[in-house]
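J.: Please find model_21.tsv (TSV, C-alpha atoms and all ligand atoms) on the next line:
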```tsv
chain	number	residue	atom	x	y	z
A	1	MET	CA	-6.72	70.23	46.51
A	2	PRO	CA	-8.26	73.23	48.30
A	3	ILE	CA	-9.68	75.78	45.91
A	4	THR	CA	-8.68	79.37	46.52
A	5	GLU	CA	-10.71	82.33	45.33
A	6	ALA	CA	-7.87	83.15	42.93
A	7	ASP	CA	-8.13	79.71	41.27
A	8	ALA	CA	-11.86	79.88	40.82
A	9	SER	CA	-13.96	81.10	37.88
A	10	ALA	CA	-11.36	80.32	35.23
A	11	LEU	CA	-13.92	78.48	33.12
A	12	ASP	CA	-12.86	79.01	29.55
A	13	PRO	CA	-15.34	78.44	26.68
A	14	ASP	CA	-13.61	75.24	25.48
A	15	THR	CA	-13.84	73.64	28.92
A	16	ALA	CA	-17.47	74.73	29.20
A	17	ARG	CA	-18.23	73.18	25.80
A	18	ALA	CA	-16.55	69.92	26.83
A	19	LEU	CA	-18.59	69.82	30.05
A	20	ALA	CA	-21.80	70.54	28.14
A	21	ALA	CA	-21.02	67.63	25.80
A	22	ARG	CA	-20.58	65.30	28.78
A	23	LEU	CA	-23.99	66.41	30.06
A	24	ALA	CA	-25.81	65.67	26.81
A	25	GLU	CA	-28.22	62.77	27.27
A	26	GLY	CA	-28.44	59.49	25.41
A	27	GLY	CA	-26.53	56.27	24.82
A	28	CYS	CA	-24.33	54.25	27.14
A	29	GLU	CA	-21.54	56.81	27.14
A	30	ALA	CA	-23.66	59.75	28.24
A	31	ALA	CA	-23.42	60.87	31.85
A	32	LEU	CA	-27.17	61.52	32.08
A	33	PRO	CA	-29.58	60.41	33.29
A	34	LEU	CA	-28.06	59.21	36.57
A	35	VAL	CA	-29.49	55.98	37.93
A	36	THR	CA	-29.43	55.20	41.66
A	37	ASP	CA	-30.97	52.37	43.69
A	38	ARG	CA	-34.35	54.04	43.92
A	39	MET	CA	-34.25	56.92	41.47
A	40	ILE	CA	-33.57	58.20	38.01
A	41	LEU	CA	-32.08	61.70	38.12
A	42	ARG	CA	-32.95	63.45	34.87
A	43	PRO	CA	-33.10	67.00	33.52
A	44	PRO	CA	-36.44	68.78	33.99
A	45	VAL	CA	-38.73	69.26	30.99
A	46	ALA	CA	-41.69	71.60	30.46
A	47	GLU	CA	-44.20	68.86	31.42
A	48	ASP	CA	-42.71	68.85	34.96
A	49	ALA	CA	-43.72	72.48	35.62
A	50	SER	CA	-46.97	71.87	37.49
A	51	VAL	CA	-45.61	69.19	39.82
A	52	LEU	CA	-42.55	71.38	40.46
A	53	ALA	CA	-44.75	74.36	41.28
A	54	ASP	CA	-46.70	72.19	43.76
A	55	LEU	CA	-43.66	70.73	45.48
A	56	ALA	CA	-41.31	73.72	45.45
A	57	GLY	CA	-44.21	76.07	46.22
A	58	ALA	CA	-44.37	74.73	49.79
A	59	TRP	CA	-42.84	77.06	52.38
A	60	SER	CA	-41.18	74.03	53.99
A	61	VAL	CA	-39.06	73.72	50.79
A	62	ALA	CA	-38.49	77.42	49.99
A	63	ARG	CA	-37.53	78.44	53.53
A	64	TYR	CA	-34.29	76.46	53.50
A	65	THR	CA	-33.17	77.07	49.93
A	66	GLY	CA	-31.39	80.13	48.62
A	67	ARG	CA	-32.79	80.27	45.11
A	68	ILE	CA	-36.48	79.27	45.30
A	69	PRO	CA	-38.72	82.32	45.64
A	70	HIS	CA	-41.93	82.19	47.68
A	71	PRO	CA	-44.69	82.08	46.58
A	72	TYR	CA	-43.60	79.90	43.65
A	73	GLY	CA	-46.01	79.37	40.77
A	74	LEU	CA	-46.25	77.70	37.39
A	75	GLU	CA	-44.51	80.60	35.62
A	76	ASP	CA	-41.56	80.35	38.04
A	77	ALA	CA	-41.30	76.63	37.33
A	78	TYR	CA	-41.33	77.17	33.54
A	79	ALA	CA	-38.69	79.91	33.90
A	80	TRP	CA	-36.46	77.66	36.03
A	81	ILE	CA	-36.76	74.73	33.59
A	82	SER	CA	-35.72	76.89	30.66
A	83	LEU	CA	-32.92	78.60	32.64
A	84	GLU	CA	-31.51	75.21	33.65
A	85	ALA	CA	-31.66	73.89	30.07
A	86	GLY	CA	-29.60	76.92	29.01
A	87	LEU	CA	-27.00	76.50	31.77
A	88	ARG	CA	-26.66	72.78	31.00
A	89	ALA	CA	-26.22	73.49	27.29
A	90	GLU	CA	-23.58	76.12	27.97
A	91	GLY	CA	-21.77	73.80	30.41
A	92	THR	CA	-21.96	75.85	33.61
A	93	ALA	CA	-24.49	73.97	35.78
A	94	VAL	CA	-26.66	70.89	35.90
A	95	SER	CA	-29.96	70.49	37.75
A	96	LEU	CA	-31.74	67.16	37.80
A	97	LEU	CA	-35.11	66.00	39.06
A	98	MET	CA	-35.20	63.16	41.53
A	99	THR	CA	-37.77	60.76	40.07
A	100	ASP	CA	-38.97	57.43	41.41
A	101	ARG	CA	-37.29	54.69	39.39
A	102	THR	CA	-40.48	52.60	39.19
A	103	THR	CA	-43.27	55.16	38.91
A	104	GLY	CA	-41.45	58.19	37.48
A	105	THR	CA	-42.92	60.41	40.22
A	106	VAL	CA	-40.99	63.67	40.66
A	107	MET	CA	-39.85	63.94	44.29
A	108	GLY	CA	-37.28	66.74	44.44
A	109	ALA	CA	-34.29	68.25	42.69
A	110	VAL	CA	-30.54	68.23	43.00
A	111	GLY	CA	-27.98	70.36	41.23
A	112	LEU	CA	-24.35	71.36	40.76
A	113	ASN	CA	-23.38	74.84	39.72
A	114	TRP	CA	-19.82	75.80	38.82
A	115	ASN	CA	-20.69	79.05	37.12
A	116	GLY	CA	-18.20	81.39	38.82
A	117	SER	CA	-16.54	78.77	41.02
A	118	TRP	CA	-15.04	76.30	38.53
A	119	PRO	CA	-13.23	73.92	39.13
A	120	ALA	CA	-15.34	73.77	42.30
A	121	ALA	CA	-19.11	73.31	42.14
A	122	GLU	CA	-21.83	74.21	44.60
A	123	LEU	CA	-24.17	71.34	45.46
A	124	GLY	CA	-27.82	72.10	46.21
A	125	TYR	CA	-30.90	69.93	46.71
A	126	TRP	CA	-34.45	70.02	47.95
A	127	ILE	CA	-36.97	67.29	48.50
A	128	GLY	CA	-40.78	67.55	48.41
A	129	GLU	CA	-42.56	67.20	51.72
A	130	PRO	CA	-44.21	63.78	51.04
A	131	TYR	CA	-40.86	62.19	50.20
A	132	ARG	CA	-38.79	63.15	53.23
A	133	GLY	CA	-37.22	60.87	55.82
A	134	ARG	CA	-36.25	58.11	53.37
A	135	GLY	CA	-32.64	59.05	52.67
A	136	LEU	CA	-33.46	60.08	49.09
A	137	ALA	CA	-31.58	63.40	49.24
A	138	ALA	CA	-28.40	61.62	50.37
A	139	GLU	CA	-28.79	59.00	47.64
A	140	ALA	CA	-29.21	61.68	44.96
A	141	ALA	CA	-26.41	63.87	46.32
A	142	ARG	CA	-24.03	60.89	46.36
A	143	ALA	CA	-24.73	60.32	42.66
A	144	MET	CA	-24.03	64.01	42.02
A	145	LEU	CA	-20.63	63.69	43.72
A	146	THR	CA	-19.78	60.86	41.33
A	147	LEU	CA	-20.92	63.03	38.41
A	148	ALA	CA	-18.83	65.95	39.69
A	149	PHE	CA	-15.60	64.03	40.19
A	150	GLU	CA	-15.83	61.56	37.31
A	151	PRO	CA	-17.40	62.72	34.05
A	152	LEU	CA	-17.16	66.42	34.95
A	153	ASP	CA	-13.69	66.08	36.48
A	154	LEU	CA	-14.26	68.88	39.01
A	155	ALA	CA	-11.82	69.42	41.87
A	156	GLU	CA	-14.15	70.22	44.77
A	157	VAL	CA	-17.83	70.23	45.71
A	158	PHE	CA	-19.06	72.65	48.35
A	159	ALA	CA	-22.35	73.40	50.05
A	160	SER	CA	-23.90	75.08	53.03
A	161	ALA	CA	-27.09	74.68	55.04
A	162	GLN	CA	-29.11	76.65	57.56
A	163	PRO	CA	-27.91	75.66	61.05
A	164	GLU	CA	-31.50	74.59	61.98
A	165	ASN	CA	-31.84	72.48	58.81
A	166	THR	CA	-30.64	69.34	60.56
A	167	ALA	CA	-31.83	66.99	57.79
A	168	SER	CA	-29.62	68.75	55.26
A	169	LEU	CA	-26.64	68.87	57.61
A	170	TRP	CA	-27.08	65.12	58.10
A	171	VAL	CA	-26.92	64.58	54.32
A	172	LEU	CA	-23.71	66.61	54.06
A	173	ASP	CA	-22.10	64.77	56.98
A	174	LYS	CA	-23.06	61.39	55.54
A	175	LEU	CA	-21.39	62.29	52.24
A	176	GLY	CA	-18.21	63.54	53.93
A	177	ILE	CA	-18.91	67.17	53.00
A	178	ARG	CA	-17.38	68.78	56.09
A	179	PRO	CA	-16.80	72.34	57.38
A	180	ASP	CA	-13.63	73.66	55.74
A	181	GLY	CA	-13.05	76.72	57.94
A	182	ARG	CA	-14.43	79.15	55.37
A	183	ARG	CA	-17.70	81.08	55.24
A	184	MET	CA	-20.11	81.47	52.34
A	185	ARG	CA	-22.83	83.99	51.67
A	186	VAL	CA	-26.16	82.84	50.30
A	187	ASN	CA	-28.77	85.21	48.91
A	188	ALA	CA	-31.96	83.61	50.28
A	189	VAL	CA	-34.64	85.00	47.99
A	190	ALA	CA	-37.68	83.50	49.73
A	191	ARG	CA	-36.77	85.16	53.02
A	192	GLY	CA	-35.20	88.28	51.54
A	193	GLU	CA	-32.09	87.65	53.67
A	194	VAL	CA	-28.41	87.15	53.05
A	195	TRP	CA	-27.09	84.21	55.01
A	196	ASP	CA	-23.49	83.94	56.14
A	197	HIS	CA	-22.93	80.23	56.65
A	198	GLU	CA	-20.20	77.78	57.45
A	199	ARG	CA	-18.88	76.50	54.11
A	200	ARG	CA	-18.63	72.72	53.79
A	201	SER	CA	-16.70	70.92	51.09
A	202	ILE	CA	-15.18	67.69	49.87
A	203	ASP	CA	-12.21	67.55	47.53
A	204	ARG	CA	-11.27	64.85	45.05
A	205	ALA	CA	-8.79	63.10	47.37
A	206	ALA	CA	-11.36	62.78	50.19
A	207	TRP	CA	-14.03	61.57	47.76
A	208	GLU	CA	-11.67	58.96	46.26
A	209	ALA	CA	-10.71	57.70	49.74
A	210	ASP	CA	-14.39	57.34	50.66
A	211	ARG	CA	-15.14	55.58	47.38
A	212	ALA	CA	-12.23	53.15	47.90
A	213	LYS	CA	-13.60	52.27	51.34
A	214	ARG	CA	-17.05	51.61	49.92
A	215	ALA	CA	-15.66	49.61	46.99
A	216	ARG	CA	-14.40	46.79	49.26
A	217	LEU	CA	-15.57	43.69	47.38
A	218	VAL	CA	-17.69	41.19	49.33
A	219	LEU	CA	-18.27	37.87	47.60
A	220	VAL	CA	-21.65	36.31	48.44
A	221	VAL	CA	-23.07	33.26	46.71
A	222	ALA	CA	-26.77	32.48	46.33
A	223	ALA	CA	-29.06	29.83	44.86
A	224	ALA	CA	-32.40	29.86	43.12
A	225	LEU	CA	-33.91	26.55	44.22
A	226	VAL	CA	-36.52	25.60	41.62
A	227	ASP	CA	-39.18	22.98	42.47
A	228	ARG	CA	-41.02	20.66	40.06
A	229	ASP	CA	-43.72	23.31	39.50
A	230	GLY	CA	-41.10	25.87	38.44
A	231	ARG	CA	-41.44	27.86	41.68
A	232	VAL	CA	-38.42	29.57	43.26
A	233	LEU	CA	-37.55	29.47	46.96
A	234	LEU	CA	-37.14	32.85	48.66
A	235	THR	CA	-36.15	33.31	52.27
A	236	ARG	CA	-36.87	36.32	54.41
A	237	ARG	CA	-34.00	38.00	56.23
A	238	PRO	CA	-34.70	37.55	59.95
A	239	GLU	CA	-34.86	40.36	62.54
A	240	GLY	CA	-31.45	41.44	63.76
A	241	LYS	CA	-29.73	41.11	60.37
A	242	PRO	CA	-29.16	44.10	58.09
A	243	MET	CA	-32.09	44.56	55.67
A	244	ALA	CA	-34.36	42.43	57.91
A	245	GLY	CA	-37.73	41.63	56.38
A	246	LEU	CA	-36.57	41.61	52.75
A	247	TRP	CA	-36.86	38.46	50.62
A	248	GLU	CA	-33.68	37.03	49.12
A	249	PHE	CA	-32.14	33.94	47.58
A	250	PRO	CA	-30.66	31.58	50.18
A	251	GLY	CA	-26.88	31.74	50.42
A	252	GLY	CA	-24.21	33.74	52.21
A	253	LYS	CA	-20.67	35.04	52.26
A	254	VAL	CA	-17.84	33.02	50.75
A	255	HIS	CA	-15.28	32.40	53.49
A	256	GLU	CA	-11.51	32.60	53.11
A	257	GLY	CA	-10.26	29.46	51.36
A	258	GLU	CA	-13.72	28.41	50.04
A	259	THR	CA	-14.91	28.23	46.47
A	260	PRO	CA	-18.33	29.77	45.74
A	261	GLU	CA	-19.78	26.28	45.21
A	262	ARG	CA	-18.44	24.91	48.54
A	263	ALA	CA	-19.70	28.02	50.32
A	264	LEU	CA	-23.17	27.59	48.81
A	265	ILE	CA	-23.33	23.90	49.75
A	266	ARG	CA	-22.35	24.85	53.34
A	267	GLU	CA	-24.88	27.74	53.51
A	268	LEU	CA	-27.76	25.63	52.16
A	269	HIS	CA	-27.01	23.03	54.80
A	270	GLU	CA	-26.72	25.57	57.64
A	271	GLU	CA	-29.75	27.68	56.65
A	272	LEU	CA	-32.16	25.09	55.26
A	273	GLY	CA	-30.84	21.66	56.28
A	274	LEU	CA	-30.36	20.61	52.64
A	275	ASP	CA	-27.72	18.30	51.19
A	276	VAL	CA	-26.60	19.47	47.78
A	277	ARG	CA	-24.16	18.03	45.28
A	278	HIS	CA	-21.70	20.24	43.47
A	279	ALA	CA	-22.75	18.76	40.11
A	280	CYS	CA	-26.33	20.01	40.60
A	281	LEU	CA	-25.32	23.69	40.79
A	282	ALA	CA	-25.80	25.45	37.44
A	283	PRO	CA	-24.47	29.01	37.18
A	284	LEU	CA	-27.14	31.41	35.89
A	285	THR	CA	-26.21	35.07	36.39
A	286	PHE	CA	-24.68	37.44	38.94
A	287	ALA	CA	-25.42	40.63	40.87
A	288	SER	CA	-22.90	43.47	41.17
A	289	HIS	CA	-24.15	46.19	43.45
A	290	ALA	CA	-22.67	49.16	45.36
A	291	TYR	CA	-24.03	49.18	48.92
A	292	PRO	CA	-23.13	52.24	51.01
A	293	ASP	CA	-20.22	50.48	52.75
A	294	PHE	CA	-19.19	47.63	50.45
A	295	HIS	CA	-19.55	46.35	46.90
A	296	LEU	CA	-21.49	43.11	46.58
A	297	LEU	CA	-20.58	40.55	43.94
A	298	MET	CA	-23.01	37.63	44.02
A	299	PRO	CA	-23.10	34.72	41.58
A	300	LEU	CA	-26.54	33.10	41.40
A	301	PHE	CA	-26.75	29.35	40.78
A	302	VAL	CA	-29.87	27.44	39.81
A	303	LEU	CA	-30.56	24.23	41.69
A	304	ARG	CA	-33.30	21.78	40.73
A	305	SER	CA	-32.32	18.77	42.77
A	306	TRP	CA	-31.30	18.33	46.42
A	307	HIS	CA	-31.73	15.97	49.35
A	308	GLY	CA	-34.03	16.91	52.21
A	309	ARG	CA	-36.92	19.26	52.66
A	310	PRO	CA	-36.07	23.01	53.02
A	311	THR	CA	-36.42	23.68	56.75
A	312	PRO	CA	-35.70	27.19	58.06
A	313	ARG	CA	-32.97	26.78	60.67
A	314	GLU	CA	-32.32	30.46	61.39
A	315	GLY	CA	-35.87	31.62	62.16
A	316	GLN	CA	-36.38	32.91	58.60
A	317	ASP	CA	-39.71	32.68	56.72
A	318	ILE	CA	-39.59	30.88	53.41
A	319	ALA	CA	-41.83	31.10	50.35
A	320	TRP	CA	-42.13	29.20	47.08
A	321	VAL	CA	-42.78	31.86	44.46
A	322	ARG	CA	-43.82	31.60	40.81
A	323	ALA	CA	-41.32	33.29	38.50
A	324	ALA	CA	-43.98	35.74	37.31
A	325	ARG	CA	-44.59	36.85	40.93
A	326	LEU	CA	-40.97	37.41	42.00
A	327	ARG	CA	-41.32	41.20	41.77
A	328	ASP	CA	-44.14	41.12	44.34
A	329	TYR	CA	-41.58	40.32	47.07
A	330	PRO	CA	-39.53	43.26	48.39
A	331	MET	CA	-35.86	42.35	47.91
A	332	PRO	CA	-32.48	43.89	48.72
A	333	PRO	CA	-31.56	46.40	46.00
A	334	ALA	CA	-28.96	44.04	44.49
A	335	ASP	CA	-31.58	41.41	43.62
A	336	PRO	CA	-34.19	42.82	41.19
A	337	PRO	CA	-31.72	42.77	38.24
A	338	LEU	CA	-31.48	38.97	38.73
A	339	ILE	CA	-35.18	38.45	38.06
A	340	PRO	CA	-35.23	38.73	34.23
A	341	ALA	CA	-32.67	35.90	33.87
A	342	LEU	CA	-34.79	33.68	36.12
A	343	GLN	CA	-37.97	34.56	34.28
A	344	ASP	CA	-36.29	33.87	30.92
A	345	LEU	CA	-35.31	30.47	32.25
A	346	LEU	CA	-38.62	29.56	33.88
A	347	LEU	CA	-41.35	31.35	31.95
A	348	VAL	CA	-41.22	29.40	28.71
B	1	LIG	N1	-27.85	35.39	50.75
B	1	LIG	C1	-28.13	36.50	50.09
B	1	LIG	N2	-27.50	37.65	50.40
B	1	LIG	C2	-27.84	38.74	49.71
B	1	LIG	C3	-28.80	38.70	48.66
B	1	LIG	N3	-28.92	39.94	48.13
B	1	LIG	C4	-28.09	40.75	48.83
B	1	LIG	O1	-27.94	41.94	48.64
B	1	LIG	N4	-27.43	40.02	49.78
B	1	LIG	C5	-26.47	40.60	50.72
B	1	LIG	O2	-25.31	39.82	50.79
B	1	LIG	C6	-24.82	39.81	52.12
B	1	LIG	C7	-24.86	38.37	52.58
B	1	LIG	O3	-24.83	38.35	53.92
B	1	LIG	P1	-25.45	37.25	54.85
B	1	LIG	O4	-25.69	37.97	56.13
B	1	LIG	O5	-26.61	36.56	54.25
B	1	LIG	O6	-24.23	36.29	54.87
B	1	LIG	P2	-23.92	35.19	55.90
B	1	LIG	O7	-25.05	34.23	55.88
B	1	LIG	O8	-22.56	34.72	55.54
B	1	LIG	O9	-24.05	35.97	57.27
B	1	LIG	P3	-23.09	36.40	58.43
B	1	LIG	O10	-22.25	37.55	57.92
B	1	LIG	O11	-24.12	36.87	59.43
B	1	LIG	O12	-22.33	35.20	58.80
B	1	LIG	C8	-25.75	40.70	52.93
B	1	LIG	O13	-25.26	42.02	52.96
B	1	LIG	C9	-27.02	40.61	52.11
B	1	LIG	O14	-27.87	41.69	52.31
B	1	LIG	C10	-29.43	37.49	48.33
B	1	LIG	O15	-30.29	37.38	47.43
B	1	LIG	N5	-29.07	36.41	49.08
```
Show me the file's structure as structure tokens.

T.:
Amino acid sequence: MPITEADASALDPDTARALAARLAEGGCEAALPLVTDRMILRPPVAEDASVLADLAGAWSVARYTGRIPHPYGLEDAYAWISLEAGLRAEGTAVSLLMTDRTTGTVMGAVGLNWNGSWPAAELGYWIGEPYRGRGLAAEAARAMLTLAFEPLDLAEVFASAQPENTASLWVLDKLGIRPDGRRMRVNAVARGEVWDHERRSIDRAAWEADRAKRARLVLVVAAALVDRDGRVLLTRRPEGKPMAGLWEFPGGKVHEGETPERALIRELHEELGLDVRHACLAPLTFASHAYPDFHLLMPLFVLRSWHGRPTPREGQDIAWVRAARLRDYPMPPADPPLIPALQDLLLV
């Protein structure tokens, strides 16, 4: 549904209050914080001011954003944090920090603002210099689209970027936020300029179509082979396959007409030369993970007995790993949530 100027800005206080309630943090029903593969996106707090001043104070960040002044100091960061808390509480905007899911390190920020454009929201993001080139902005912006169209129930998300800011244009393209034939003016405070840019947008129908494409379910089955010492067999994805170099549980896709168990028996034979009996496969847990272009559903079986010696037949490295050391091996993003169930089973 294209938004016209006449539709926009009709944000009545009740709607704003409802949106603010959806943005309140805490509990399983709350929209925030957002969790992605590599990040937790959470509201900024006063303790973030100095790291924000360092990151957003760089000219390489300010020069491409409309709202970040330059120079940008601690006072600016405190003012922004308190402004954003106010907008979130009144239900007119949400800004979140991109933090590393493991270390908590603040890496950038991403926000939606529908103050004056509701039911459309403007998307904005910036990423600190040390954290560029890893696809983090796209990952965060994708989570913001989900927030916009699901809990916030907005109709459109729009954005713009400097024509020479190719990294940002790449993010918008990747998310399906495309030129919509309109222009938008941006007051770029750091440069003291007013930009007149191509407007890019995505509406609910386009976002739903993209989500449906990415939600195609792929059933993969995997095994945790456990030896007499309680070690688990990991195999390393060989060069030429997607996610090459990462360690995973042996297994593969379930073919048409196969049960997960038959598929696993076939894969263990093809990949490792093992003969396995159906009765030895004990279901343990499963992974359910949204990859960019499909949704993985992967039951994990435990196997303690087999015939033959695991022999890599597809050029893959293999490793026997103690349960306590499983996290030392870089794995595809679907796999780390499987580790606690294995450790519960093996670390007694
Ligand atoms: N086998 C296995 N696949 C995993 C794991 N974790 C995970 O995300 N996957 C994903 O599940 C999919 C399985 O694909 P695969 O390439 O191993 O399957 P396959 O042996 O049937 O390969 P093929 O498609 O080349 O015939 C891949 O996208 C892979 O990255 C895991 O622990 N084990």

J.: For A:Leu74, which residue out of A:Ser50, A:Ser60, A:Thr92, A:Thr102 is the nearest one, using only C-alpha atoms?

T.: A:Ser50

J.: Could you give me the residues within 10 Å of ligand LIG 1 (chain B), counting only C-alpha atoms and all ligand atoms, as a PyMOL selection string?

T.: chain A and resi 218-224+234-238+240-244+246-255+263-264+267-268+270-271+287-291+293-300+314+331-336+338

J.: List the neighbours of A:Val186 out to 7 Å using all atoms listed in the file; skip same-chain residues closer than 6 positions along the sequence, and give me the result as a CSV table (one decimal) with C-alpha atoms, in the coordinates of the input.

T.:
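part-v4.csv was written with the following content:
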```csv
chain,number,residue,atom,x,y,z
A,66,GLY,CA,-31.4,80.1,48.6
A,194,VAL,CA,-28.4,87.2,53.0
A,195,TRP,CA,-27.1,84.2,55.0
A,196,ASP,CA,-23.5,83.9,56.1
```

J.: Quick one: of A:Thr36, A:Thr146, A:Thr65, A:Gln343, who's nearest to A:Ala190, counting only C-alpha atoms?

T.: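 Looking at the shortest contact to A:Ala190, the residue is A:Thr65.
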
J.: Here is a test: counting only C-alpha atoms, which residue of A:Leu281, A:Ala24, A:Ala31, A:Ala121 is nearest to A:Leu303?

T.: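 Checking each of A:Leu281, A:Ala24, A:Ala31, A:Ala121 against A:Leu303, counting only C-alpha atoms, the winner is A:Leu281.
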
J.: Out of A:Asp173, A:Glu156, A:Asp100, A:Asp229, which residue has the shortest atom-to-atom distance to A:Leu112 when counting only C-alpha atoms?

T.: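 Distance minimum relative to A:Leu112 lands on A:Glu156.
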
J.: Could you name the residues that touch A:Arg199 at 12 Å or less, counting all atoms listed in the file, but leaving out those on the same chain fewer than 2 positions away, as a list in words?

T.: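 In the requested format, the answer is Glu122, Leu123, Val157, Phe158, Ala159, Ser160, Ala161, Gln162, Pro163, Leu169, Leu172, Ile177, Arg178, Pro179, Asp180, Gly181, Arg182, Arg183, Met184, Arg185, Val186, Trp195, Asp196, His197, Ser201 and Ile202 of chain A.
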
J.: Just the number, please: distance in Å from atom CA of A:Leu175 to atom CA of A:Arg142, one decimal.

T.: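 Computing the Euclidean distance for atom CA of A:Leu175 and atom CA of A:Arg142 yields 6.6 Å.
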
J.: Give me, please, the distance in Å between atom CA of A:Leu233 and atom CA of A:Thr259, quoted to one decimal.

T.: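 Spanning atom CA of A:Leu233 to atom CA of A:Thr259 is a straight-line distance of 22.7 Å.
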
J.: Near A:Trp114, within 9 Å and counting all atoms listed in the file, which residues show up once chain neighbours fewer than 4 positions away are dropped, as a ChimeraX atom specification?

T.: /A:9,11,91-94,118-122,154

J.: I need the chosen residues saved as a short mmCIF file (atom, residue, chain, number, x, y, z; two decimals), in the coordinates of the input, with C-alpha atoms.

T.:
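What landed in selection-v3.cif:
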```
data_model
loop_
_atom_site.label_atom_id
_atom_site.label_comp_id
_atom_site.auth_asym_id
_atom_site.auth_seq_id
_atom_site.Cartn_x
_atom_site.Cartn_y
_atom_site.Cartn_z
CA SER A 9 -13.96 81.10 37.88
CA LEU A 11 -13.92 78.48 33.12
CA GLY A 91 -21.77 73.80 30.41
CA THR A 92 -21.96 75.85 33.61
CA ALA A 93 -24.49 73.97 35.78
CA VAL A 94 -26.66 70.89 35.90
CA TRP A 118 -15.04 76.30 38.53
CA PRO A 119 -13.23 73.92 39.13
CA ALA A 120 -15.34 73.77 42.30
CA ALA A 121 -19.11 73.31 42.14
CA GLU A 122 -21.83 74.21 44.60
CA LEU A 154 -14.26 68.88 39.01
#
```

J.: Determine, counting only C-alpha atoms, which protein, DNA and RNA residues have an atom within 10 Å of an atom of A:Leu346; residues of the same chain fewer than 6 positions away are not included. Present the result as a PyMOL selection string.

T.: chain A and resi 226+229-232+322-324+340

J.: Which residues come within 12 Å of A:Glu75, counting all atoms listed in the file, excluding same-chain residues fewer than 6 positions away, as a PDB file with C-alpha atoms, in the coordinates of the input?

T.:
```pdb
ATOM      1  CA  ALA A  46     -41.690  71.600  30.460  1.00  0.00           C
ATOM      2  CA  ASP A  48     -42.710  68.850  34.960  1.00  0.00           C
ATOM      3  CA  ALA A  49     -43.720  72.480  35.620  1.00  0.00           C
ATOM      4  CA  SER A  50     -46.970  71.870  37.490  1.00  0.00           C
ATOM      5  CA  LEU A  52     -42.550  71.380  40.460  1.00  0.00           C
ATOM      6  CA  ALA A  53     -44.750  74.360  41.280  1.00  0.00           C
ATOM      7  CA  ASP A  54     -46.700  72.190  43.760  1.00  0.00           C
ATOM      8  CA  GLY A  57     -44.210  76.070  46.220  1.00  0.00           C
ATOM      9  CA  PRO A  69     -38.720  82.320  45.640  1.00  0.00           C
ATOM     10  CA  ILE A  81     -36.760  74.730  33.590  1.00  0.00           C
ATOM     11  CA  SER A  82     -35.720  76.890  30.660  1.00  0.00           C
TER      12      SER A  82
END
```

J.: Please return the centre and edge lengths, in Å to one decimal, of a box with edges along x, y and z that contains all listed atoms of stretch 132-139 of chain A, widened by 6 Å on every side, as AutoDock Vina command-line options.

T.:
```
--center_x -33.6 --center_y 60.8 --center_z 51.7 --size_x 22.4 --size_y 17.3 --size_z 20.2
```

J.: Which residue, A:Ile68, A:Ile127, A:Met98, A:Leu342, has the smallest gap to A:Pro33 when you use all atoms listed in the file?

T.: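 So, comparing all the options, the nearest one is A:Met98.
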
J.: In terms of the shortest atom-to-atom distance over only C-alpha atoms, which of A:Ala319, A:Ala109, A:Leu284, A:Ala85 is closest to A:Asp344?

T.: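 Of the candidates, the smallest distance to A:Asp344 is held by A:Leu284.
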
J.: Suppose you want the space between atom CA of A:Pro130 and atom CA of A:Ala56; what is it in Å?

T.: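 Taking atom CA of A:Pro130 and atom CA of A:Ala56, their separation equals 11.8 Å.
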